[in-house]
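Peer 1: What follows is start.pdb, made up of PDB, C-alpha atoms and all ligand atoms:
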```pdb
ATOM      1  CA  MET X 151       5.405 -11.196  13.649
ATOM      2  CA  GLU X 152       5.201  -7.436  13.882
ATOM      3  CA  VAL X 153       2.016  -5.454  13.254
ATOM      4  CA  ILE X 154       2.873  -2.005  11.988
ATOM      5  CA  HIS X 155       0.454   0.856  11.362
ATOM      6  CA  THR X 156       2.593   3.669   9.963
ATOM      7  CA  VAL X 157       4.673   4.116   6.841
ATOM      8  CA  ALA X 158       7.604   5.552   8.806
ATOM      9  CA  GLU X 159       7.802   2.567  11.144
ATOM     10  CA  LEU X 160       7.414   0.112   8.287
ATOM     11  CA  ARG X 161      10.270   1.748   6.376
ATOM     12  CA  ARG X 162      12.483   1.461   9.473
ATOM     13  CA  ARG X 163      11.589  -2.204   9.913
ATOM     14  CA  LEU X 164      12.143  -3.145   6.261
ATOM     15  CA  ASN X 165      15.318  -1.157   5.762
ATOM     16  CA  GLY X 166      18.066  -3.581   4.670
ATOM     17  CA  GLU X 167      15.763  -6.567   4.079
ATOM     18  CA  PRO X 168      17.296  -8.348   1.075
ATOM     19  CA  ALA X 169      14.140  -9.935  -0.386
ATOM     20  CA  ILE X 170      10.653  -8.760   0.501
ATOM     21  CA  ALA X 171       7.542 -10.550  -0.758
ATOM     22  CA  LEU X 172       4.293  -8.623  -0.385
ATOM     23  CA  VAL X 173       0.735  -9.961  -0.173
ATOM     24  CA  PRO X 174      -1.730  -7.055  -0.457
ATOM     25  CA  THR X 175      -5.174  -7.716   1.067
ATOM     26  CA  MET X 176      -8.225  -5.979   2.441
ATOM     27  CA  GLY X 177      -8.336  -8.319   5.421
ATOM     28  CA  ASN X 178     -11.064 -10.698   6.644
ATOM     29  CA  LEU X 179      -8.617 -13.370   5.655
ATOM     30  CA  HIS X 180      -9.535 -16.875   4.538
ATOM     31  CA  ASP X 181      -7.546 -19.824   3.193
ATOM     32  CA  GLY X 182      -7.314 -18.166  -0.237
ATOM     33  CA  HIS X 183      -5.364 -15.266   1.228
ATOM     34  CA  ILE X 184      -3.247 -17.589   3.341
ATOM     35  CA  SER X 185      -2.319 -19.646   0.265
ATOM     36  CA  LEU X 186      -0.768 -16.451  -1.134
ATOM     37  CA  VAL X 187       1.281 -16.022   2.048
ATOM     38  CA  ASP X 188       2.521 -19.602   1.601
ATOM     39  CA  ILE X 189       3.583 -18.762  -1.965
ATOM     40  CA  ALA X 190       5.245 -15.538  -0.791
ATOM     41  CA  HIS X 191       7.643 -17.584   1.361
ATOM     42  CA  ASP X 192       9.118 -19.025  -1.869
ATOM     43  CA  HIS X 193       9.820 -15.534  -3.207
ATOM     44  CA  GLY X 194      11.240 -13.620  -0.282
ATOM     45  CA  THR X 195      12.931 -13.980   3.076
ATOM     46  CA  CYS X 196      10.670 -11.310   4.581
ATOM     47  CA  VAL X 197       6.945 -11.805   3.969
ATOM     48  CA  VAL X 198       4.808  -8.697   4.387
ATOM     49  CA  ALA X 199       0.997  -8.791   4.298
ATOM     50  CA  SER X 200      -0.891  -5.530   4.017
ATOM     51  CA  ILE X 201      -4.416  -5.103   5.318
ATOM     52  CA  PHE X 202      -6.238  -2.021   4.139
ATOM     53  CA  VAL X 203      -9.848  -1.613   3.033
ATOM     54  CA  ASN X 204      -9.300   0.789   0.185
ATOM     55  CA  ARG X 205     -12.168   3.246  -0.112
ATOM     56  CA  LEU X 206     -10.926   4.380  -3.552
ATOM     57  CA  GLN X 207     -11.859   1.088  -5.196
ATOM     58  CA  PHE X 208     -15.430   0.959  -3.848
ATOM     59  CA  ALA X 209     -18.348   2.626  -5.607
ATOM     60  CA  ALA X 210     -20.334   5.263  -3.740
ATOM     61  CA  GLY X 211     -23.119   3.318  -2.031
ATOM     62  CA  GLY X 212     -21.122   0.074  -2.342
ATOM     63  CA  ASP X 213     -20.113  -2.230   0.499
ATOM     64  CA  PHE X 214     -17.168  -0.166   1.833
ATOM     65  CA  ASP X 215     -18.884   0.555   5.156
ATOM     66  CA  ARG X 216     -20.014  -2.998   5.814
ATOM     67  CA  TYR X 217     -16.838  -4.685   4.481
ATOM     68  CA  PRO X 218     -15.755  -6.943   7.390
ATOM     69  CA  ARG X 219     -12.848  -5.632   9.474
ATOM     70  CA  THR X 220     -11.325  -8.424  11.564
ATOM     71  CA  LEU X 221      -7.755  -7.347  12.270
ATOM     72  CA  GLU X 222      -7.226  -9.493  15.358
ATOM     73  CA  GLU X 223      -8.339 -12.753  13.728
ATOM     74  CA  ASP X 224      -6.425 -11.842  10.566
ATOM     75  CA  CYS X 225      -3.197 -11.350  12.521
ATOM     76  CA  ALA X 226      -3.614 -14.710  14.245
ATOM     77  CA  LYS X 227      -3.961 -16.422  10.843
ATOM     78  CA  LEU X 228      -0.979 -14.539   9.404
ATOM     79  CA  GLU X 229       1.156 -15.371  12.408
ATOM     80  CA  ALA X 230       0.280 -19.067  12.027
ATOM     81  CA  ALA X 231       1.267 -18.818   8.332
ATOM     82  CA  GLY X 232       4.718 -17.508   9.255
ATOM     83  CA  CYS X 233       4.171 -13.974   7.991
ATOM     84  CA  HIS X 234       6.874 -11.635   9.275
ATOM     85  CA  VAL X 235       5.268  -8.205   9.084
ATOM     86  CA  VAL X 236       1.659  -7.007   8.869
ATOM     87  CA  PHE X 237       1.166  -3.504   7.538
ATOM     88  CA  ALA X 238      -2.247  -2.270   8.657
ATOM     89  CA  PRO X 239      -2.495   1.487   8.083
ATOM     90  CA  ASP X 240      -5.616   3.505   8.772
ATOM     91  CA  GLU X 241      -7.158   5.784   6.149
ATOM     92  CA  LYS X 242      -5.307   8.879   7.382
ATOM     93  CA  GLU X 243      -2.009   7.061   7.009
ATOM     94  CA  MET X 244      -2.705   5.909   3.442
ATOM     95  CA  TYR X 245      -4.572   9.029   2.355
ATOM     96  CA  PRO X 246      -3.306  11.887   4.567
ATOM     97  CA  VAL X 247      -4.515  14.348   1.937
ATOM     98  CA  PRO X 248      -7.167  13.784  -0.730
ATOM     99  CA  GLN X 249      -5.632  11.419  -3.293
ATOM    100  CA  GLU X 250      -5.410  13.625  -6.362
ATOM    101  CA  MET X 251      -2.688  11.593  -8.082
ATOM    102  CA  LEU X 252      -4.510   8.636  -9.578
ATOM    103  CA  VAL X 253      -3.134   5.925 -11.818
ATOM    104  CA  THR X 254      -5.098   5.443 -15.038
ATOM    105  CA  PRO X 255      -5.697   1.766 -15.779
ATOM    106  CA  PRO X 256      -5.198   0.306 -19.248
ATOM    107  CA  LYS X 257      -8.032  -0.252 -21.754
ATOM    108  CA  SER X 258      -8.250  -3.919 -20.733
ATOM    109  CA  ALA X 259      -9.647  -2.667 -17.406
ATOM    110  CA  ASP X 260     -12.674  -1.027 -19.052
ATOM    111  CA  GLN X 261     -14.324  -4.343 -19.912
ATOM    112  CA  LEU X 262     -15.671  -7.178 -17.710
ATOM    113  CA  CYS X 263     -15.658  -5.991 -14.057
ATOM    114  CA  GLY X 264     -14.459  -2.525 -15.117
ATOM    115  CA  ASP X 265     -17.595  -2.128 -17.199
ATOM    116  CA  PHE X 266     -19.813  -2.744 -14.172
ATOM    117  CA  ARG X 267     -17.637  -1.082 -11.529
ATOM    118  CA  PRO X 268     -16.543   2.279 -12.961
ATOM    119  CA  GLY X 269     -13.463   3.602 -11.158
ATOM    120  CA  HIS X 270     -12.785   0.295  -9.419
ATOM    121  CA  PHE X 271      -9.537  -0.556 -11.182
ATOM    122  CA  GLN X 272      -8.308   3.021 -10.913
ATOM    123  CA  GLY X 273      -8.703   2.664  -7.150
ATOM    124  CA  VAL X 274      -6.932  -0.702  -7.206
ATOM    125  CA  VAL X 275      -3.920   0.362  -9.286
ATOM    126  CA  THR X 276      -3.574   3.581  -7.306
ATOM    127  CA  VAL X 277      -3.474   1.849  -3.905
ATOM    128  CA  VAL X 278      -1.298  -0.977  -5.215
ATOM    129  CA  SER X 279       1.174   1.595  -6.603
ATOM    130  CA  LYS X 280       1.266   3.269  -3.187
ATOM    131  CA  LEU X 281       1.797  -0.080  -1.436
ATOM    132  CA  PHE X 282       4.585  -0.972  -3.883
ATOM    133  CA  ASN X 283       6.302   2.356  -3.171
ATOM    134  CA  ILE X 284       5.835   2.050   0.599
ATOM    135  CA  VAL X 285       6.961  -1.586   0.928
ATOM    136  CA  GLN X 286       9.321  -1.735  -2.077
ATOM    137  CA  PRO X 287       8.968  -5.501  -2.379
ATOM    138  CA  HIS X 288      10.938  -7.696  -4.733
ATOM    139  CA  ALA X 289       7.884  -9.804  -5.439
ATOM    140  CA  ALA X 290       4.147  -9.440  -4.864
ATOM    141  CA  VAL X 291       1.561 -12.216  -4.831
ATOM    142  CA  PHE X 292      -2.014 -11.883  -6.089
ATOM    143  CA  GLY X 293      -4.822 -14.416  -6.512
ATOM    144  CA  LYS X 294      -6.189 -15.587  -9.841
ATOM    145  CA  LYS X 295      -9.627 -15.411  -8.224
ATOM    146  CA  ASP X 296      -9.471 -11.750  -9.278
ATOM    147  CA  TYR X 297      -8.217 -12.616 -12.752
ATOM    148  CA  GLN X 298      -8.672  -9.222 -14.357
ATOM    149  CA  GLN X 299      -7.004  -7.583 -11.355
ATOM    150  CA  VAL X 300      -3.871  -9.700 -11.877
ATOM    151  CA  HIS X 301      -3.851  -8.758 -15.556
ATOM    152  CA  VAL X 302      -4.196  -5.053 -14.783
ATOM    153  CA  ILE X 303      -1.456  -5.192 -12.122
ATOM    154  CA  ARG X 304       0.932  -6.961 -14.498
ATOM    155  CA  THR X 305       0.294  -4.140 -16.964
ATOM    156  CA  LEU X 306       0.858  -1.554 -14.225
ATOM    157  CA  VAL X 307       4.210  -3.060 -13.284
ATOM    158  CA  LYS X 308       5.329  -3.329 -16.923
ATOM    159  CA  GLN X 309       4.233   0.118 -18.064
ATOM    160  CA  LEU X 310       5.355   1.997 -14.947
ATOM    161  CA  ASN X 311       8.607  -0.003 -14.598
ATOM    162  CA  PHE X 312       8.047  -1.100 -11.020
ATOM    163  CA  GLY X 313      10.595  -3.880 -11.271
ATOM    164  CA  ILE X 314       8.561  -6.168  -9.033
ATOM    165  CA  GLU X 315       7.930  -9.810  -9.861
ATOM    166  CA  ILE X 316       4.193 -10.519  -9.905
ATOM    167  CA  ILE X 317       3.166 -14.027  -8.907
ATOM    168  CA  ALA X 318      -0.364 -15.343  -9.371
ATOM    169  CA  GLY X 319      -1.758 -17.958  -6.962
ATOM    170  CA  GLU X 320      -4.491 -20.438  -7.869
ATOM    171  CA  THR X 321      -8.056 -19.915  -6.658
ATOM    172  CA  ILE X 322      -8.818 -21.706  -3.402
ATOM    173  CA  ARG X 323     -12.354 -23.114  -3.187
ATOM    174  CA  ASP X 324     -14.707 -24.486  -0.601
ATOM    175  CA  PRO X 325     -15.389 -28.242  -1.008
ATOM    176  CA  ASP X 326     -18.547 -27.538  -3.053
ATOM    177  CA  GLY X 327     -16.590 -25.448  -5.573
ATOM    178  CA  LEU X 328     -17.437 -21.943  -4.387
ATOM    179  CA  ALA X 329     -14.366 -19.714  -4.638
ATOM    180  CA  MET X 330     -13.456 -18.407  -1.198
ATOM    181  CA  SER X 331     -14.203 -14.725  -0.781
ATOM    182  CA  SER X 332     -14.636 -12.299   2.068
ATOM    183  CA  ARG X 333     -17.959 -11.401   0.451
ATOM    184  CA  ASN X 334     -19.282 -14.970   0.872
ATOM    185  CA  GLY X 335     -20.011 -13.907   4.443
ATOM    186  CA  TYR X 336     -22.806 -11.671   3.119
ATOM    187  CA  LEU X 337     -24.731 -14.716   1.846
ATOM    188  CA  THR X 338     -27.760 -16.089   3.680
ATOM    189  CA  ARG X 339     -27.788 -19.828   4.252
ATOM    190  CA  GLU X 340     -30.081 -20.357   1.247
ATOM    191  CA  GLU X 341     -27.940 -18.134  -0.969
ATOM    192  CA  ARG X 342     -24.766 -19.908   0.157
ATOM    193  CA  ALA X 343     -26.289 -23.227  -0.919
ATOM    194  CA  GLN X 344     -26.905 -21.842  -4.430
ATOM    195  CA  ALA X 345     -23.672 -19.886  -4.780
ATOM    196  CA  PRO X 346     -21.653 -22.704  -6.467
ATOM    197  CA  GLN X 347     -23.989 -22.358  -9.485
ATOM    198  CA  LEU X 348     -21.705 -19.638 -10.821
ATOM    199  CA  TYR X 349     -18.716 -22.002 -10.853
ATOM    200  CA  HIS X 350     -20.858 -24.741 -12.403
ATOM    201  CA  ALA X 351     -21.917 -22.386 -15.205
ATOM    202  CA  LEU X 352     -18.264 -21.580 -15.972
ATOM    203  CA  ARG X 353     -17.407 -25.284 -15.928
ATOM    204  CA  ARG X 354     -20.118 -25.990 -18.501
ATOM    205  CA  VAL X 355     -18.618 -23.348 -20.803
ATOM    206  CA  ARG X 356     -15.164 -24.892 -20.456
ATOM    207  CA  LYS X 357     -16.544 -28.355 -21.151
ATOM    208  CA  ALA X 358     -18.388 -27.182 -24.274
ATOM    209  CA  VAL X 359     -15.290 -25.447 -25.676
ATOM    210  CA  GLU X 360     -13.151 -28.486 -24.920
ATOM    211  CA  ALA X 361     -15.733 -30.605 -26.741
ATOM    212  CA  GLY X 362     -15.354 -28.405 -29.845
ATOM    213  CA  ALA X 363     -17.999 -25.672 -29.484
ATOM    214  CA  ARG X 364     -16.761 -22.427 -31.043
ATOM    215  CA  ASP X 365     -19.818 -20.175 -30.918
ATOM    216  CA  HIS X 366     -18.584 -18.300 -27.862
ATOM    217  CA  ARG X 367     -21.417 -15.751 -27.811
ATOM    218  CA  LYS X 368     -23.973 -18.533 -27.730
ATOM    219  CA  LEU X 369     -22.195 -20.354 -24.891
ATOM    220  CA  GLU X 370     -21.889 -17.164 -22.845
ATOM    221  CA  GLU X 371     -25.521 -16.236 -23.402
ATOM    222  CA  ALA X 372     -26.811 -19.722 -22.567
ATOM    223  CA  GLU X 373     -25.100 -19.620 -19.174
ATOM    224  CA  MET X 374     -26.157 -16.040 -18.467
ATOM    225  CA  THR X 375     -29.745 -17.119 -19.153
ATOM    226  CA  ALA X 376     -29.393 -20.225 -16.970
ATOM    227  CA  LEU X 377     -28.052 -18.132 -14.071
ATOM    228  CA  SER X 378     -30.764 -15.494 -14.509
ATOM    229  CA  GLN X 379     -33.406 -18.207 -14.433
ATOM    230  CA  ALA X 380     -31.873 -19.511 -11.205
ATOM    231  CA  GLY X 381     -32.378 -16.049  -9.673
ATOM    232  CA  TRP X 382     -29.013 -14.382 -10.232
ATOM    233  CA  LYS X 383     -28.589 -10.895 -11.667
ATOM    234  CA  VAL X 384     -25.782 -11.539 -14.118
ATOM    235  CA  ASP X 385     -23.157  -8.934 -14.981
ATOM    236  CA  TYR X 386     -21.295 -11.149 -17.470
ATOM    237  CA  VAL X 387     -20.131 -14.589 -18.474
ATOM    238  CA  ALA X 388     -17.265 -14.160 -20.924
ATOM    239  CA  LEU X 389     -14.617 -16.211 -22.706
ATOM    240  CA  ARG X 390     -11.308 -14.447 -23.108
ATOM    241  CA  ASN X 391      -7.676 -15.111 -23.986
ATOM    242  CA  GLN X 392      -5.502 -15.599 -20.924
ATOM    243  CA  SER X 393      -2.737 -13.404 -22.336
ATOM    244  CA  ASP X 394      -4.550 -10.153 -23.092
ATOM    245  CA  LEU X 395      -8.166 -10.705 -21.984
ATOM    246  CA  ALA X 396      -9.339 -10.089 -25.556
ATOM    247  CA  PRO X 397     -12.158 -12.207 -27.036
ATOM    248  CA  PRO X 398     -10.522 -15.343 -28.467
ATOM    249  CA  GLY X 399     -10.323 -16.114 -32.152
ATOM    250  CA  PRO X 400     -10.875 -19.638 -33.558
ATOM    251  CA  ARG X 401      -7.179 -20.565 -33.213
ATOM    252  CA  ASP X 402      -6.691 -19.344 -29.655
ATOM    253  CA  THR X 403      -6.313 -22.178 -27.195
ATOM    254  CA  ASP X 404      -5.212 -20.644 -23.874
ATOM    255  CA  LEU X 405      -8.500 -19.353 -22.577
ATOM    256  CA  VAL X 406     -10.219 -18.230 -19.440
ATOM    257  CA  VAL X 407     -13.934 -18.112 -18.812
ATOM    258  CA  LEU X 408     -14.941 -15.422 -16.350
ATOM    259  CA  GLY X 409     -18.223 -14.648 -14.650
ATOM    260  CA  ALA X 410     -19.677 -12.052 -12.311
ATOM    261  CA  ALA X 411     -23.181 -12.109 -10.912
ATOM    262  CA  TRP X 412     -25.254 -10.871  -8.009
ATOM    263  CA  MET X 413     -26.769 -13.364  -5.617
ATOM    264  CA  GLY X 414     -29.556 -11.400  -3.949
ATOM    265  CA  SER X 415     -29.186  -7.625  -3.794
ATOM    266  CA  LYS X 416     -26.192  -7.557  -1.447
ATOM    267  CA  THR X 417     -23.597  -9.932  -2.821
ATOM    268  CA  ARG X 418     -21.688  -9.726  -6.070
ATOM    269  CA  LEU X 419     -19.610 -12.834  -6.698
ATOM    270  CA  ILE X 420     -16.910 -13.357  -9.322
ATOM    271  CA  ASP X 421     -15.129 -16.474 -10.492
ATOM    272  CA  ASN X 422     -13.151 -17.788 -13.439
ATOM    273  CA  ILE X 423     -11.550 -20.929 -14.838
ATOM    274  CA  GLU X 424      -8.379 -21.008 -16.908
ATOM    275  CA  PHE X 425      -8.077 -23.798 -19.437
ATOM    276  CA  SER X 426      -6.032 -24.777 -22.476
ATOM    277  CA  PHE X 427      -6.833 -27.296 -25.166
ATOM    278  CA  TYR X 428      -5.374 -28.614 -28.399
ATOM    279  CA  VAL X 429      -6.955 -27.833 -31.760
ATOM    280  CA  LYS X 430      -7.230 -31.107 -33.659
TER     281      LYS X 430
HETATM  282  P1  LIG X 501      -8.779  -8.934  -1.314
HETATM  283  O1  LIG X 501     -10.122  -9.092  -1.931
HETATM  284  O2  LIG X 501      -8.646  -8.942   0.173
HETATM  285  O3  LIG X 501      -7.832 -10.022  -1.906
HETATM  286  C1  LIG X 501      -6.481 -10.045  -1.581
HETATM  287  C2  LIG X 501      -5.801 -11.068  -2.470
HETATM  288  O4  LIG X 501      -6.324 -12.375  -2.193
HETATM  289  C3  LIG X 501      -6.076 -10.779  -3.965
HETATM  290  O5  LIG X 501      -4.888 -10.971  -4.718
HETATM  291  C4  LIG X 501      -7.119 -11.832  -4.303
HETATM  292  O6  LIG X 501      -7.121 -12.216  -5.669
HETATM  293  C5  LIG X 501      -6.699 -12.982  -3.409
HETATM  294  N1  LIG X 501      -7.793 -13.950  -3.197
HETATM  295  C6  LIG X 501      -9.063 -13.686  -2.806
HETATM  296  N2  LIG X 501      -9.797 -14.818  -2.771
HETATM  297  C7  LIG X 501      -8.965 -15.819  -3.164
HETATM  298  C8  LIG X 501      -9.123 -17.231  -3.335
HETATM  299  N3  LIG X 501     -10.292 -17.848  -3.105
HETATM  300  N4  LIG X 501      -8.060 -17.961  -3.743
HETATM  301  C9  LIG X 501      -6.864 -17.342  -3.991
HETATM  302  N5  LIG X 501      -6.653 -16.022  -3.835
HETATM  303  C10 LIG X 501      -7.685 -15.267  -3.426
HETATM  304  O7  LIG X 501      -7.959  -7.964  -4.034
HETATM  305  C11 LIG X 501      -7.943  -7.155  -3.103
HETATM  306  O8  LIG X 501      -8.132  -7.517  -1.787
HETATM  307  C12 LIG X 501      -7.682  -5.678  -3.317
HETATM  308  O9  LIG X 501      -8.180  -5.301  -4.570
HETATM  309  C13 LIG X 501      -6.184  -5.293  -3.190
HETATM  310  C14 LIG X 501      -5.325  -5.965  -4.256
HETATM  311  C15 LIG X 501      -5.657  -5.623  -1.793
HETATM  312  C16 LIG X 501      -6.037  -3.749  -3.391
HETATM  313  O10 LIG X 501      -6.809  -3.066  -2.474
END
```
Can the structure from this file be put into C-alpha cells for me?

Peer 2:
Amino acid sequence: MEVIHTVAELRRRLNGEPAIALVPTMGNLHDGHISLVDIAHDHGTCVVASIFVNRLQFAAGGDFDRYPRTLEEDCAKLEAAGCHVVFAPDEKEMYPVPQEMLVTPPKSADQLCGDFRPGHFQGVVTVVSKLFNIVQPHAAVFGKKDYQQVHVIRTLVKQLNFGIEIIAGETIRDPDGLAMSSRNGYLTREERAQAPQLYHALRRVRKAVEAGARDHRKLEEAEMTALSQAGWKVDYVALRNQSDLAPPGPRDTDLVVLGAAWMGSKTRLIDNIEFSFYVK
C-alpha cells in the first residue's frame, strides 16, 4: 500500500489504472469505514482511500480542531483491508488558494442536517467534487450512516455528470446498536452507555409505521420528546421517502427514519433506519 500526500504524485500513481474505486473519509477509521473498503474491492481493481479532515464542511466553532487525526493507525487498518493507495493531503495541498469555487447543493440538502448545519453540505459536495476530479475513480463508496450525504452526492454526480458509480454501504453498529462513528470517541463512559437510545427511538418509529401508524408528525414528536426527557438536545427525528427525502404520503412504502441529536454539549450523533412495508 502506498501513502501519497500530493495530487501530482497521486496522478502519476493512478495513471493507466483501469478501474479505480474510491472511499473518501476524514480518517480516525473504524469498522464502518473498513466495510466500505471491502465493498470497494468489488467495484475496482485499485482501491483508493482518501483521508482529509475538510475544514469547509465544519461550522465555525465546531469540532474541526479537535477532530481526531490518527493517520498511522488508519494506514495500518487500510493496509490490513487490502487498500492499494491512501491519499492523505494536507490543507495546503487541497486548498492551495482560498476555495472560491463552491458547489451549491440541491434543495434536499437544506432540510434535516442541512437545516442545523448551514454550509455543511456545500463543504461536502465541494471537497467530494475535488476528490472525484483528483482521483477520477470509476466508482465511489459512501456509508448509509450519513444517509442525506449519500442522497446529496448522488444528486451531485447526476446533475454535474461525473460519470462515477455511487455505491452505498450499510451502517455498521456496535453490538448494542450504536452506529459506529469517529465522534463516538467524544462520549464519556456514561454518555456512551446512553447513546444507543437514539437508535432505539428510530426503531420504535419503524415499528409503529409497520404496525399501521400513519400520523408521522405524532410519531416523530413522541420520540423527540422521549429523547429530550432522557437528556438529549434533539435536532430532528423525521420520516422521509428513501428516493427523494421528501415527507412520505400515505401510499409511500419505501421509507427511512432519520434522527440527529446532541448527547451532552460536545457530541452530535446521527443515525437512520431504512425500511419498506406492504400496504394491506
Ligand atoms: P467520514 O465521517 O470519515 O465518513 C467516511 C465514510 O464512512 C462516509 O461515507 C460515511 O457515511 C461512512 N461511515 C461512517 N460511519 C459509518 C458506519 N458506522 N457504517 C458504515 N459507513 C460509515 O463522511 C465523511 O467522512 C465526509 O463528509 C467525506 C465524505 C469524507 C467528505 O469530507

Peer 1: Collect all residues with atoms no farther than 6 Å from ligand LIG 501 (chain X), counting all atoms listed in the file, and output them as a PyMOL selection string.

Peer 2: chain X and resi 174-177+182-183+204+274+278+292-296+319-323+329-331

Peer 1: Here's the selection I'm unsure about, the PyMOL selection byres (((chain X and resi 367-384) around 8) and not hetatm); applied to the file above, which residues does it give, as a list in words?

Peer 2: Gln347, Leu348, Ala351, Leu352, Val355, Ala358, Asp365, His366, Asp385, Tyr386, Val387, Ala388, Leu389, Ala410, Ala411, Trp412, Met413 and Gly414 of chain X

Peer 1: Written as a JSON list (two decimals) with C-alpha atoms, in the coordinates of the input, what is the full residue list that the PyMOL selection byres (((chain X and resi 266-270) around 8) and not hetatm) yields on the file shown?

Peer 2:
```json
[["chain", "number", "residue", "atom", "x", "y", "z"],
["X", 206, "LEU", "CA", -10.93, 4.38, -3.55],
["X", 207, "GLN", "CA", -11.86, 1.09, -5.20],
["X", 208, "PHE", "CA", -15.43, 0.96, -3.85],
["X", 209, "ALA", "CA", -18.35, 2.63, -5.61],
["X", 260, "ASP", "CA", -12.67, -1.03, -19.05],
["X", 262, "LEU", "CA", -15.67, -7.18, -17.71],
["X", 263, "CYS", "CA", -15.66, -5.99, -14.06],
["X", 264, "GLY", "CA", -14.46, -2.52, -15.12],
["X", 265, "ASP", "CA", -17.60, -2.13, -17.20],
["X", 271, "PHE", "CA", -9.54, -0.56, -11.18],
["X", 272, "GLN", "CA", -8.31, 3.02, -10.91],
["X", 273, "GLY", "CA", -8.70, 2.66, -7.15],
["X", 274, "VAL", "CA", -6.93, -0.70, -7.21],
["X", 385, "ASP", "CA", -23.16, -8.93, -14.98]]
```

Peer 1: Find the residue from X:Val302, X:Met244, X:Leu310, X:Ala318 that sits nearest to Ala190 of chain X; use only C-alpha atoms when measuring.

Peer 2: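 Closest candidate: X:Ala318.
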
Peer 1: Just the number, please: distance in Å from atom CA of Ile184 of chain X to atom CA of Ile201 of chain X, one decimal.

Peer 2: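 Going from atom CA of Ile184 of chain X over to atom CA of Ile201 of chain X, I get 12.7 Å.
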
Peer 1: With all atoms listed in the file as the counted atoms, please give the residues lying no more than 8 Å from segment 425-430 of chain X, apart from itself and same-chain residues fewer than 3 positions off, as a PDB file with C-alpha atoms, in the frame of the given file.

Peer 2:
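Just written: part_27.pdb:
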```pdb
ATOM      1  CA  ARG X 356     -15.164 -24.892 -20.456  1.00  0.00           C
ATOM      2  CA  GLU X 360     -13.151 -28.486 -24.920  1.00  0.00           C
ATOM      3  CA  ARG X 401      -7.179 -20.565 -33.213  1.00  0.00           C
ATOM      4  CA  THR X 403      -6.313 -22.178 -27.195  1.00  0.00           C
ATOM      5  CA  ASP X 404      -5.212 -20.644 -23.874  1.00  0.00           C
ATOM      6  CA  LEU X 405      -8.500 -19.353 -22.577  1.00  0.00           C
ATOM      7  CA  VAL X 406     -10.219 -18.230 -19.440  1.00  0.00           C
TER       8      VAL X 406
END
```

Peer 1: Taking (-2.2, -17.3, 10.9) as a centre in this file's frame and 12 Å as the limit, can you find every polymer residue with an atom that close, using all atoms listed in the file, and give them as a ChimeraX atom specification?

Peer 2: /X:151,178-181,183-185,187-188,199,221-236

Peer 1: How about saving the chosen residues, C-alpha atoms kept, as a compact mmCIF listing (two decimals), in the coordinates of the input?

Peer 2:
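selection22.txt written:
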```txt
# COMPACT_ATOMS: atom_id res chain seq x y z
CA MET X 151 5.40 -11.20 13.65
CA ASN X 178 -11.06 -10.70 6.64
CA LEU X 179 -8.62 -13.37 5.66
CA HIS X 180 -9.54 -16.88 4.54
CA ASP X 181 -7.55 -19.82 3.19
CA HIS X 183 -5.36 -15.27 1.23
CA ILE X 184 -3.25 -17.59 3.34
CA SER X 185 -2.32 -19.65 0.26
CA VAL X 187 1.28 -16.02 2.05
CA ASP X 188 2.52 -19.60 1.60
CA ALA X 199 1.00 -8.79 4.30
CA LEU X 221 -7.76 -7.35 12.27
CA GLU X 222 -7.23 -9.49 15.36
CA GLU X 223 -8.34 -12.75 13.73
CA ASP X 224 -6.42 -11.84 10.57
CA CYS X 225 -3.20 -11.35 12.52
CA ALA X 226 -3.61 -14.71 14.24
CA LYS X 227 -3.96 -16.42 10.84
CA LEU X 228 -0.98 -14.54 9.40
CA GLU X 229 1.16 -15.37 12.41
CA ALA X 230 0.28 -19.07 12.03
CA ALA X 231 1.27 -18.82 8.33
CA GLY X 232 4.72 -17.51 9.26
CA CYS X 233 4.17 -13.97 7.99
CA HIS X 234 6.87 -11.64 9.28
CA VAL X 235 5.27 -8.20 9.08
CA VAL X 236 1.66 -7.01 8.87
```

Peer 1: Hey, which of X:Ala361, X:Ile284, X:Ala238, X:Ile303 ends up closest to Thr254 of chain X? Count all atoms listed in the file.

Peer 2: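 Once distances to Thr254 of chain X are computed over all atoms listed in the file, the minimum belongs to X:Ile303.
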
Peer 1: Using only C-alpha atoms, find the one residue out of X:Ser332, X:Thr417, X:Thr338, X:Gln261 that sits nearest to Val203 of chain X.

Peer 2: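 The answer is X:Ser332, which sits nearest to Val203 of chain X.
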
Peer 1: I need the residue set behind the PyMOL selection byres (((chain X and resi 170) around 12) and not hetatm) for this file; please write it as a PyMOL selection string.

Peer 2: chain X and resi 163-169+171-173+187+190-199+233-235+282+284-291+314-315
